[in-house]
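Engineer: My structure is stored as protein_4.txt, with compact mmCIF, C-alpha atoms.
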# COMPACT_ATOMS: atom_id res chain seq x y z
CA MET M 1 122.34 112.17 101.20
CA LYS M 2 120.94 108.87 99.85
CA THR M 3 119.66 108.78 96.31
CA CYS M 4 116.44 107.17 95.13
CA LEU M 5 115.23 106.52 91.60
CA ILE M 6 111.45 106.41 91.22
CA VAL M 7 110.34 104.32 88.23
CA ASP M 8 106.63 104.72 87.56
CA ASP M 9 104.59 105.78 84.54
CA SER M 10 102.05 107.65 86.69
CA ARG M 11 102.90 111.28 87.31
CA VAL M 12 100.58 111.29 90.34
CA VAL M 13 102.41 108.35 91.94
CA ARG M 14 105.80 109.88 91.17
CA ARG M 15 104.71 113.14 92.80
CA PHE M 16 103.50 111.34 95.96
CA LEU M 17 106.68 109.27 96.19
CA ARG M 18 108.92 112.27 95.58
CA SER M 19 107.18 114.18 98.36
CA SER M 20 107.56 111.25 100.77
CA LEU M 21 111.19 110.66 99.85
CA GLU M 22 112.19 114.31 100.07
CA ALA M 23 110.64 114.40 103.54
CA LEU M 24 113.06 111.57 104.37
CA GLU M 25 115.90 113.65 102.90
CA PHE M 26 116.51 111.57 99.79
CA ASP M 27 117.93 113.01 96.60
CA VAL M 28 115.25 111.92 94.10
CA ARG M 29 115.39 111.10 90.38
CA GLU M 30 112.54 109.90 88.21
CA ALA M 31 112.01 107.58 85.24
CA CYS M 32 108.76 106.74 83.41
CA ASN M 33 109.64 103.16 82.43
CA GLY M 34 112.30 100.48 82.66
CA ARG M 35 114.22 101.73 79.65
CA GLU M 36 114.58 105.22 81.12
CA ALA M 37 115.55 103.64 84.43
CA ILE M 38 118.36 101.67 82.78
CA ALA M 39 119.69 104.88 81.26
CA SER M 40 119.51 106.62 84.62
CA CYS M 41 121.35 103.77 86.35
CA GLU M 42 124.07 103.75 83.68
CA GLU M 43 124.64 107.42 84.39
CA SER M 44 124.72 106.98 88.15
CA MET M 45 123.61 104.09 90.34
CA PRO M 46 121.13 105.16 93.07
CA ASP M 47 121.04 103.70 96.58
CA VAL M 48 117.48 102.49 96.17
CA ILE M 49 114.92 102.13 93.38
CA LEU M 50 111.14 102.27 93.86
CA LEU M 51 109.78 100.24 90.96
CA ASP M 52 106.32 99.94 89.45
CA TRP M 53 105.38 96.67 87.72
CA HIS M 54 103.28 97.65 84.70
CA MET M 55 104.82 100.35 82.52
CA PRO M 56 105.04 100.95 78.76
CA VAL M 57 108.28 100.28 76.83
CA MET M 58 109.84 98.14 79.59
CA SER M 59 108.06 96.70 82.65
CA GLY M 60 109.41 96.65 86.16
CA ILE M 61 110.10 92.92 86.16
CA GLU M 62 112.00 93.17 82.84
CA PHE M 63 114.00 96.06 84.27
CA ILE M 64 115.03 94.31 87.49
CA LYS M 65 116.07 91.16 85.63
CA LEU M 66 118.33 93.26 83.39
CA LEU M 67 119.68 95.20 86.37
CA ARG M 68 120.51 92.10 88.40
CA GLN M 69 122.05 90.29 85.40
CA GLY M 70 124.17 93.32 84.58
CA GLY M 71 126.82 92.47 87.15
CA HIS M 72 127.08 96.08 88.35
CA ALA M 73 129.27 96.37 91.42
CA ASN M 74 127.03 98.74 93.35
CA GLN M 75 123.70 96.99 93.11
CA PRO M 76 120.96 99.22 94.52
CA LYS M 77 118.18 98.05 96.78
CA VAL M 78 114.97 97.56 94.81
CA VAL M 79 111.52 97.99 96.32
CA PHE M 80 108.58 97.07 94.11
CA CYS M 81 105.64 99.47 94.51
CA THR M 82 102.73 97.97 92.62
CA THR M 83 99.02 97.21 92.57
CA GLU M 84 99.84 93.52 92.05
CA ASN M 85 99.01 92.09 95.46
CA ASP M 86 99.02 88.31 95.10
CA VAL M 87 101.63 85.85 96.27
CA ALA M 88 102.54 84.76 92.74
CA HIS M 89 103.63 88.28 91.76
CA ILE M 90 105.40 88.81 95.09
CA ARG M 91 107.39 85.60 94.70
CA ALA M 92 108.23 86.47 91.08
CA ALA M 93 109.56 89.84 92.22
CA ILE M 94 111.68 88.28 94.98
CA ASP M 95 113.00 85.64 92.59
CA ALA M 96 113.96 88.38 90.15
CA GLY M 97 115.99 90.14 92.85
CA ALA M 98 113.64 92.55 94.61
CA ASP M 99 114.61 93.39 98.19
CA GLU M 100 111.17 94.55 99.30
CA TYR M 101 107.63 94.82 98.01
CA VAL M 102 104.94 97.40 98.73
CA MET M 103 101.37 96.90 97.61
CA LYS M 104 99.50 100.01 96.46
CA PRO M 105 97.84 101.85 98.01
CA PHE M 106 100.22 102.57 100.85
CA ASP M 107 101.03 105.56 103.04
CA HIS M 108 104.18 107.46 103.94
CA ASP M 109 104.77 105.49 107.17
CA THR M 110 104.60 102.15 105.38
CA LEU M 111 107.08 103.33 102.76
CA HIS M 112 109.41 104.64 105.48
CA LEU M 113 109.29 101.28 107.30
CA LYS M 114 110.09 99.43 104.06
CA LEU M 115 113.04 101.73 103.37
CA GLN M 116 114.28 101.03 106.90
CA LEU M 117 113.95 97.31 106.27
CA VAL M 118 116.28 97.52 103.26
CA GLY M 119 118.70 99.69 105.23
CA VAL M 120 118.50 102.99 103.38
CA ALA M 121 116.41 105.06 105.82
CA MET H 1 82.96 117.93 114.55
CA GLN H 2 82.66 120.19 117.57
CA VAL H 3 82.09 118.83 121.07
CA SER H 4 81.28 120.93 124.12
CA GLU H 5 83.59 121.01 127.13
CA ALA H 6 80.87 119.37 129.23
CA SER H 7 80.66 116.45 126.77
CA LYS H 8 84.43 116.09 126.78
CA ARG H 9 84.39 115.83 130.56
CA ILE H 10 81.68 113.14 130.43
CA LEU H 11 83.77 111.11 127.97
CA ALA H 12 86.94 111.58 130.01
CA GLU H 13 85.18 110.32 133.15
CA LEU H 14 83.73 107.36 131.25
CA LEU H 15 87.10 106.36 129.83
CA LYS H 16 88.80 106.73 133.20
CA SER H 17 86.19 104.69 135.08
CA GLN H 18 86.11 101.88 132.52
CA THR H 19 89.76 101.57 131.50
CA GLY H 20 91.85 103.68 133.89
CA GLN H 21 93.08 105.68 130.91
CA ASP H 22 93.45 109.40 131.09
CA LEU H 23 92.02 111.77 128.47
CA PRO H 24 93.87 115.00 129.21
CA ALA H 25 92.90 118.27 127.58
CA SER H 26 95.82 117.90 125.17
CA ARG H 27 94.28 114.73 123.72
CA ARG H 28 90.67 115.85 123.63
CA TRP H 29 91.03 117.45 120.20
CA ARG H 30 90.67 114.03 118.58
CA ILE H 31 87.30 113.22 120.15
CA GLY H 32 85.36 114.57 117.18
CA SER H 33 87.16 112.43 114.57
CA ALA H 34 87.21 109.39 116.88
CA LEU H 35 83.44 109.47 117.31
CA SER H 36 82.47 110.35 113.74
CA GLY H 37 81.87 106.70 112.79
CA LEU H 38 79.65 106.15 115.81
CA SER H 39 77.75 109.32 114.99
CA ARG H 40 77.02 108.00 111.47
CA GLU H 41 76.06 104.57 112.81
CA HIS H 42 73.44 106.04 115.15
CA GLY H 43 72.30 108.69 112.66
CA ILE H 44 73.02 111.47 115.16
CA ALA H 45 75.15 114.21 113.65
CA ASP H 46 75.30 116.22 116.87
CA LEU H 47 77.95 114.59 119.06
CA ASP H 48 76.80 116.49 122.14
CA ARG H 49 73.38 114.87 121.70
CA LEU H 50 74.97 111.46 121.34
CA ILE H 51 76.97 111.97 124.53
CA THR H 52 73.93 113.37 126.34
CA MET H 53 72.03 110.21 125.39
CA LEU H 54 74.77 108.24 127.03
CA ALA H 55 74.76 110.39 130.16
CA LEU H 56 70.98 110.16 130.53
CA SER H 57 70.44 106.53 129.67
CA ARG H 58 73.73 105.01 130.84
CA ARG H 59 73.19 102.40 128.14
CA SER H 60 76.06 100.02 128.56
CA SER H 61 76.20 99.13 124.85
CA LEU H 62 76.55 102.78 123.85
CA ALA H 63 79.11 103.40 126.59
CA HIS H 64 81.04 100.39 125.37
CA LYS H 65 81.05 101.69 121.79
CA LEU H 66 82.13 105.17 122.90
CA ILE H 67 85.04 103.75 124.87
CA GLU H 68 86.10 101.56 121.96
CA ALA H 69 86.05 104.59 119.66
CA LEU H 70 88.24 106.60 122.03
CA LEU H 71 90.95 103.97 122.43
CA ASN H 72 94.09 104.27 120.35
CA ASN H 73 94.73 100.95 118.61
CA GLU H 74 97.83 101.99 116.67
CA THR H 75 100.19 99.05 116.21
CA TYR H 76 102.23 97.31 113.56
CA PHE H 77 104.50 94.33 113.11
CA PHE H 78 107.95 94.50 114.71
CA ARG H 79 107.37 98.03 115.97
CA ASP H 80 110.81 99.34 117.00
CA ARG H 81 112.47 96.43 115.21
CA ALA H 82 115.77 96.87 117.07
CA MET H 83 114.00 95.90 120.28
CA PHE H 84 112.85 92.63 118.77
CA GLU H 85 116.34 91.92 117.46
CA MET H 86 117.71 92.45 120.96
CA LEU H 87 115.07 90.13 122.40
CA GLY H 88 115.83 87.42 119.86
CA ASP H 89 119.61 87.74 119.94
CA ARG H 90 120.26 88.41 123.62
CA ALA H 91 117.33 88.14 126.02
CA LEU H 92 115.81 84.91 124.73
CA PRO H 93 119.12 82.97 124.72
CA ASP H 94 119.60 84.04 128.35
CA LEU H 95 116.10 82.91 129.23
CA ALA H 96 116.59 79.65 127.35
CA GLN H 97 119.43 78.85 129.72
CA ALA H 98 117.50 79.92 132.80
CA ARG H 99 114.43 77.86 131.82
CA ALA H 100 116.28 74.82 130.48
CA SER H 101 114.75 72.56 133.12
CA THR H 102 111.12 73.46 132.41
CA ARG H 103 111.50 74.32 128.71
CA THR H 104 108.55 76.68 129.06
CA LEU H 105 108.39 80.39 128.31
CA LYS H 106 105.48 82.65 129.16
CA ILE H 107 105.22 86.06 127.52
CA TRP H 108 102.58 88.75 127.99
CA SER H 109 101.84 91.44 125.42
CA VAL H 110 99.89 94.13 127.30
CA GLY H 111 97.67 96.41 125.22
CA CYS H 112 98.13 94.10 122.26
CA SER H 113 95.56 95.86 120.07
CA THR H 114 95.03 93.76 116.93
CA GLY H 115 97.75 91.26 117.78
CA GLN H 116 100.71 92.28 115.62
CA GLU H 117 103.09 92.46 118.60
CA ALA H 118 102.20 88.97 119.83
CA LEU H 119 102.57 87.54 116.34
CA SER H 120 105.90 89.34 115.88
CA LEU H 121 107.10 87.49 118.99
CA ALA H 122 105.76 84.23 117.61
CA MET H 123 107.76 84.85 114.40
CA LEU H 124 110.92 85.27 116.49
CA PHE H 125 110.45 81.78 117.91
CA ALA H 126 109.25 80.20 114.67
CA GLY H 127 112.29 81.62 112.90
CA GLN H 128 114.51 79.68 115.33
CA GLU H 129 112.41 76.52 115.11
CA ALA H 130 115.24 74.05 115.67
CA HIS H 131 116.45 75.93 118.73
CA TRP H 132 113.03 75.95 120.39
CA ALA H 133 111.99 72.40 119.46
CA GLY H 134 110.44 70.73 122.50
CA TRP H 135 109.69 74.04 124.22
CA THR H 136 106.27 75.32 125.21
CA VAL H 137 105.96 78.98 124.25
CA ASP H 138 102.81 80.68 125.53
CA ILE H 139 102.32 84.23 124.25
CA LEU H 140 99.31 85.99 125.74
CA GLY H 141 98.00 89.21 124.21
CA THR H 142 95.53 91.28 126.24
CA ASP H 143 93.66 94.49 125.64
CA VAL H 144 90.78 96.39 127.27
CA SER H 145 88.97 96.47 123.94
CA GLN H 146 86.89 93.42 123.08
CA SER H 147 86.68 94.40 119.42
CA VAL H 148 90.46 94.30 118.90
CA ILE H 149 90.69 91.02 120.82
CA ASP H 150 88.09 89.56 118.43
CA LEU H 151 90.20 90.75 115.48
CA SER H 152 93.38 89.39 117.06
CA ARG H 153 91.83 85.96 117.34
CA THR H 154 91.21 85.86 113.59
CA ALA H 155 94.94 86.59 113.03
CA CYS H 156 93.84 88.01 109.69
CA TYR H 157 95.15 91.32 108.38
CA SER H 158 94.30 93.74 105.61
CA GLN H 159 96.79 94.67 102.92
CA PHE H 160 97.44 97.93 104.76
CA GLN H 161 98.10 96.17 108.09
CA ILE H 162 100.20 93.29 106.79
CA GLN H 163 102.83 95.42 105.09
CA ARG H 164 103.31 97.84 107.99
CA GLY H 165 106.59 96.80 109.54
CA LEU H 166 106.64 93.28 108.12
CA ALA H 167 109.35 92.38 105.63
CA VAL H 168 108.03 90.81 102.44
CA ASP H 169 109.88 87.54 103.00
CA GLN H 170 108.31 87.27 106.47
CA MET H 171 104.90 88.01 105.00
CA VAL H 172 105.00 85.19 102.44
CA ARG H 173 106.73 82.82 104.88
CA TRP H 174 104.35 83.16 107.84
CA PHE H 175 101.05 84.33 106.34
CA ASP H 176 98.61 82.86 103.84
CA GLU H 177 96.66 84.90 101.33
CA THR H 178 92.94 84.30 101.96
CA GLU H 179 89.70 85.93 100.80
CA GLN H 180 89.49 87.72 104.17
CA GLY H 181 93.07 88.95 104.05
CA TRP H 182 96.51 87.75 105.08
CA GLN H 183 96.13 85.14 107.80
CA ALA H 184 98.86 83.96 110.16
CA GLN H 185 99.73 80.31 109.71
CA ASP H 186 98.89 77.74 112.38
CA ARG H 187 102.53 77.43 113.41
CA LEU H 188 102.32 81.03 114.68
CA ARG H 189 98.74 80.88 115.92
CA ARG H 190 99.32 77.91 118.18
CA MET H 191 101.81 79.98 120.19
CA VAL H 192 99.47 82.93 120.79
CA ARG H 193 96.19 83.49 122.57
CA PHE H 194 94.22 86.64 123.22
CA GLU H 195 92.06 87.72 126.15
CA MET H 196 90.23 90.89 127.14
CA HIS H 197 91.91 92.24 130.25
CA ASN H 198 92.59 95.52 132.03
CA LEU H 199 96.18 96.00 133.20
CA LEU H 200 94.87 97.48 136.46
CA ASP H 201 93.17 94.19 137.34
CA PRO H 202 95.06 91.20 138.81
CA PRO H 203 97.34 89.61 136.19
CA PRO H 204 95.75 87.12 133.80
CA ASP H 205 96.46 83.40 133.79
CA PRO H 206 99.08 82.03 134.33
CA GLY H 207 99.88 85.05 136.53
CA ARG H 208 103.67 84.96 136.21
CA PHE H 209 105.50 85.82 132.99
CA ASP H 210 109.10 85.63 131.85
CA ILE H 211 108.82 88.66 129.57
CA ILE H 212 106.18 91.38 129.61
CA LEU H 213 105.84 93.84 126.76
CA CYS H 214 103.91 96.91 127.84
CA ARG H 215 104.69 99.41 125.14
CA ASN H 216 102.92 102.71 124.61
CA VAL H 217 100.29 101.80 127.19
CA LEU H 218 101.42 103.54 130.38
CA LEU H 219 101.50 106.93 128.67
CA TYR H 220 97.69 106.92 128.74
CA PHE H 221 97.61 106.73 132.55
CA ASP H 222 97.94 109.57 135.01
CA GLU H 223 100.67 109.28 137.63
CA PRO H 224 98.77 107.46 140.43
CA THR H 225 97.26 105.02 137.91
CA ARG H 226 100.69 104.44 136.32
CA THR H 227 102.06 103.58 139.78
CA ARG H 228 99.28 100.99 140.21
CA ALA H 229 100.02 99.62 136.74
CA PHE H 230 103.73 99.23 137.57
CA ASP H 231 102.72 97.38 140.75
CA ARG H 232 100.61 95.00 138.69
CA LEU H 233 103.43 94.47 136.21
CA ALA H 234 105.89 93.80 139.05
CA SER H 235 103.59 91.20 140.56
CA ALA H 236 103.26 89.47 137.17
CA LEU H 237 106.95 89.38 136.20
CA ALA H 238 109.19 86.46 137.14
CA PRO H 239 112.06 87.46 139.47
CA ASP H 240 114.57 87.17 136.64
CA GLY H 241 112.19 88.33 133.90
CA TRP H 242 112.22 91.42 131.71
CA LEU H 243 109.75 94.22 131.21
CA MET H 244 109.90 95.91 127.82
CA LEU H 245 108.49 99.42 127.48
CA GLY H 246 107.96 101.57 124.39
CA ALA H 247 110.86 103.31 122.69
CA GLY H 248 110.06 106.63 124.33
CA GLU H 249 109.18 105.24 127.76
CA THR H 250 111.29 104.61 130.84
CA THR H 251 111.03 103.38 134.40
CA ILE H 252 113.42 106.07 135.65
CA GLY H 253 111.52 108.48 137.87
CA GLN H 254 108.30 106.58 137.21
CA THR H 255 108.42 103.69 139.66
CA SER H 256 110.50 102.15 142.39
CA ARG H 257 109.55 98.64 141.25
CA PHE H 258 111.78 98.46 138.15
CA VAL H 259 115.20 99.60 137.01
CA PRO H 260 116.60 99.71 133.47
CA ASP H 261 118.68 96.69 132.46
CA LYS H 262 122.26 97.96 132.30
CA THR H 263 123.20 95.96 129.24
CA MET H 264 119.98 95.82 127.24
CA ARG H 265 118.53 99.23 126.55
CA GLY H 266 114.75 99.31 126.64
CA LEU H 267 114.46 96.31 128.94
CA HIS H 268 113.80 96.66 132.64
CA ARG H 269 114.34 94.37 135.63
CA HIS H 270 112.85 94.13 139.08
CA ALA H 271 114.43 96.82 141.25
CA SER H 272 115.35 94.29 143.91
CA LEU H 273 116.27 90.83 142.71
CA PRO H 274 116.19 87.90 145.10
CA ALA H 275 119.60 87.29 146.66
CA PRO H 276 121.60 84.65 144.78
CA SER H 277 121.64 81.20 146.36
CA ARG H 278 124.67 80.18 148.46
CA SER H 279 125.67 77.52 145.92
CA ALA H 280 125.60 80.05 143.11
CA GLU H 281 127.82 82.41 145.14
CA THR H 282 130.22 79.57 145.90
CA GLY H 283 130.30 78.65 142.24
CA GLN H 284 131.13 82.20 141.21
CA ARG H 285 133.97 82.35 143.72
CA ALA H 286 135.36 79.07 142.48
CA VAL H 287 135.38 80.34 138.91
CA GLY H 288 136.83 83.71 139.94
Would you mind giving the structure from this file in structure tokens?

Structural biologist:
Amino acid sequence: MKTCLIVDDSRVVRRFLRSSLEALEFDVREACNGREAIASCEESMPDVILLDWHMPVMSGIEFIKLLRQGGHANQPKVVFCTTENDVAHIRAAIDAGADEYVMKPFDHDTLHLKLQLVGVA
Amino acid sequence: MQVSEASKRILAELLKSQTGQDLPASRRWRIGSALSGLSREHGIADLDRLITMLALSRRSSLAHKLIEALLNNETYFFRDRAMFEMLGDRALPDLAQARASTRTLKIWSVGCSTGQEALSLAMLFAGQEAHWAGWTVDILGTDVSQSVIDLSRTACYSQFQIQRGLAVDQMVRWFDETEQGWQAQDRLRRMVRFEMHNLLDPPPDPGRFDIILCRNVLLYFDEPTRTRAFDRLASALAPDGWLMLGAGETTIGQTSRFVPDKTMRGLHRHASLPAPSRSAETGQRAVG
């Protein structure tokens, strides 16, 4: 079973994503910000991370920069899931090491297709 | 929204006569939701009344709108991505050799809806730009719905449409962010064109295609109509061309005009290929 870490400060978004991911038979963990996500990754690296941009304590872009600089052997796939929908943000995410990018709002099918694109579904 | 059985029959006959598509009882449950927008537009909450208006007046504009509402325009970029990878990696290199003298490829996307399939093909070619330099690639998308053809011609997609099936690097590479949405760049658009056309009519210009994609279209036809559609597809496909059907579709048991390609799953060939020329036979013997 593949593991996915959801990093989002919105409980509603986390609930939607968890429901979608469990339907795709993922083992799901959650974090409310980048700092919690780092702690979760240090404990156990997931196969894929769904990452919000704007969060308190540590943003998504700060988190992915730390993650990619960390030199961990088993780097997870990272899919940004954010309301930021302009090219500048998308390019910044790719430059920071994101594998995919989903603009909110999105539906289950779109998420599934993105997870297929990064090779985890 | 409830619709009477009599109204459902009127709609089924209308759809069949105008598009050839079947509306079996198993698909009639969606009539209410499909027509809800039209009901609001005309200020008529009672769908039976709306359909009766059509039956009595035979207003072509209303009939046209009803048909458009009943058509299924589901599509997305690189639908069944493995099929596109096989096209790009195996079928197109073969065709490139076969068409080396003319350096022209003609591809038909049947039932193209809002154009994502045709543009996915264009991205295949644009992604191998150096390989296809000097070639003329003509990708024709057709659909029975004028409204989706109009949308296809804009090559502009909403946020919801653009991220369905399209990888983010492809999105920023081949599309520009505009006030209207994400618009395909000229280097894709100059390869594609879109026309309203019914598959049951004689093939569109240029009449003979190297590859035909007809995915998730034939399932809307009853058996006799599907046979006619296969005949049309056979007449439009080059002798050494490929027909691509949807992931859940096959030619086996459906037609005598096509057979599955033995090495490329999902692609289909003419059932009877022209006999190889004498020189080609001689050449094969010499090599063997």

Engineer: Pick the closest to chain H from M:Val7, M:Leu67, M:Met103, M:Ala121: which is it, counting only C-alpha atoms?

Structural biologist: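 Looking at the shortest contact to chain H, the residue is M:Met103.
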
Engineer: Which residue gives the smallest distance to chain H among M:Asp86, M:Asp95, M:Asp47, M:Glu42, with all atoms listed in the file counted?

Structural biologist: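 Nearest candidate to chain H out of M:Asp86, M:Asp95, M:Asp47, M:Glu42: M:Asp86.
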
Engineer: Can you pull out the residues contacting Gln183 (chain H)? Cut-off 10 Å, using all atoms listed in the file, and skip same-chain residues under 6 positions away; I want them as a VMD selection string.

Structural biologist: chain H and resid 154 to 158 162 171 174 to 177 189

Engineer: Pick out the chain M residues within 9 Å of chain H. Count all atoms listed in the file. Give them as a ChimeraX atom specification.

Structural biologist: /M:85-87,90-91,94,99-107,109-111,113-114,117-118

Engineer: Looking at H:Gln254, H:Ser17, H:Thr225, H:Ser39, which one is nearest to Leu62 (chain H), with distances taken over only C-alpha atoms?

Structural biologist: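 Checking each of H:Gln254, H:Ser17, H:Thr225, H:Ser39 against Leu62 (chain H), counting only C-alpha atoms, the winner is H:Ser39.
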
Engineer: So that I can check the surroundings of Lys77 (chain M), please list as number ranges by chain every protein, DNA and RNA residue that reaches within 10 Å of it, counting all atoms listed in the file and ignoring chain neighbours fewer than 4 positions away.

Structural biologist: M: 4, 46-50, 97-100, 115, 118-120

Engineer: Could you tell me which of M:Arg35, M:Ser44, M:Gly71, M:Asp52 comes closest to Arg14 (chain M) if we count only C-alpha atoms?

Structural biologist: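 Nearest candidate to Arg14 (chain M) out of M:Arg35, M:Ser44, M:Gly71, M:Asp52: M:Asp52.
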
Engineer: CA of Gly127 (chain H) and CA of Leu213 (chain H) are how many Å apart?

Structural biologist: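 Between these atoms lies a distance of 19.6 Å.
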
Engineer: Quick one: residues within 10 Å of Gly115 (chain H), only C-alpha atoms, excluding same-chain residues fewer than 2 positions away - as a PyMOL selection string?

Structural biologist: chain H and resi 75-77+109+111-113+117-120+140-143+148-157+192-194

Engineer: Counting all atoms listed in the file, what is within 6 Å of Gly241 (chain H), bar same-chain residues fewer than 4 positions away, as a list in words?

Structural biologist: Asp210, Ile211 and Leu237 of chain H

Engineer: For the selection you just gave me, I'd like the residues written to a file as a short mmCIF file (atom, residue, chain, number, x, y, z; two decimals), keeping the file's coordinate frame, keeping C-alpha atoms.

Structural biologist:
data_model
loop_
_atom_site.label_atom_id
_atom_site.label_comp_id
_atom_site.auth_asym_id
_atom_site.auth_seq_id
_atom_site.Cartn_x
_atom_site.Cartn_y
_atom_site.Cartn_z
CA ASP H 210 109.10 85.63 131.85
CA ILE H 211 108.82 88.66 129.57
CA LEU H 237 106.95 89.38 136.20
#

Engineer: Please determine, counting all atoms listed in the file, which residue among H:Tyr220, H:Glu129, H:Met196, H:Ser33 has the shortest atom-to-atom distance to Ala12 (chain H).

Structural biologist: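 The answer is H:Tyr220, which sits nearest to Ala12 (chain H).
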
Engineer: By how many Å are CA of Leu17 (chain M) and CA of Gln116 (chain H) apart?

Structural biologist: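 Taking CA of Leu17 (chain M) and CA of Gln116 (chain H), their separation equals 26.5 Å.
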
Engineer: Give the answer as one residue: which of M:Ala88, M:Ile6, M:Ala39, M:Val57 has the shortest atom-to-atom distance to Ser20 (chain M), using only C-alpha atoms?

Structural biologist: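 For Ser20 (chain M), the nearest of the candidates is M:Ile6.
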
Engineer: So what do you get for CA of Thr136 (chain H) versus CA of Asn216 (chain H), distance-wise?

Structural biologist: 27.6 Å
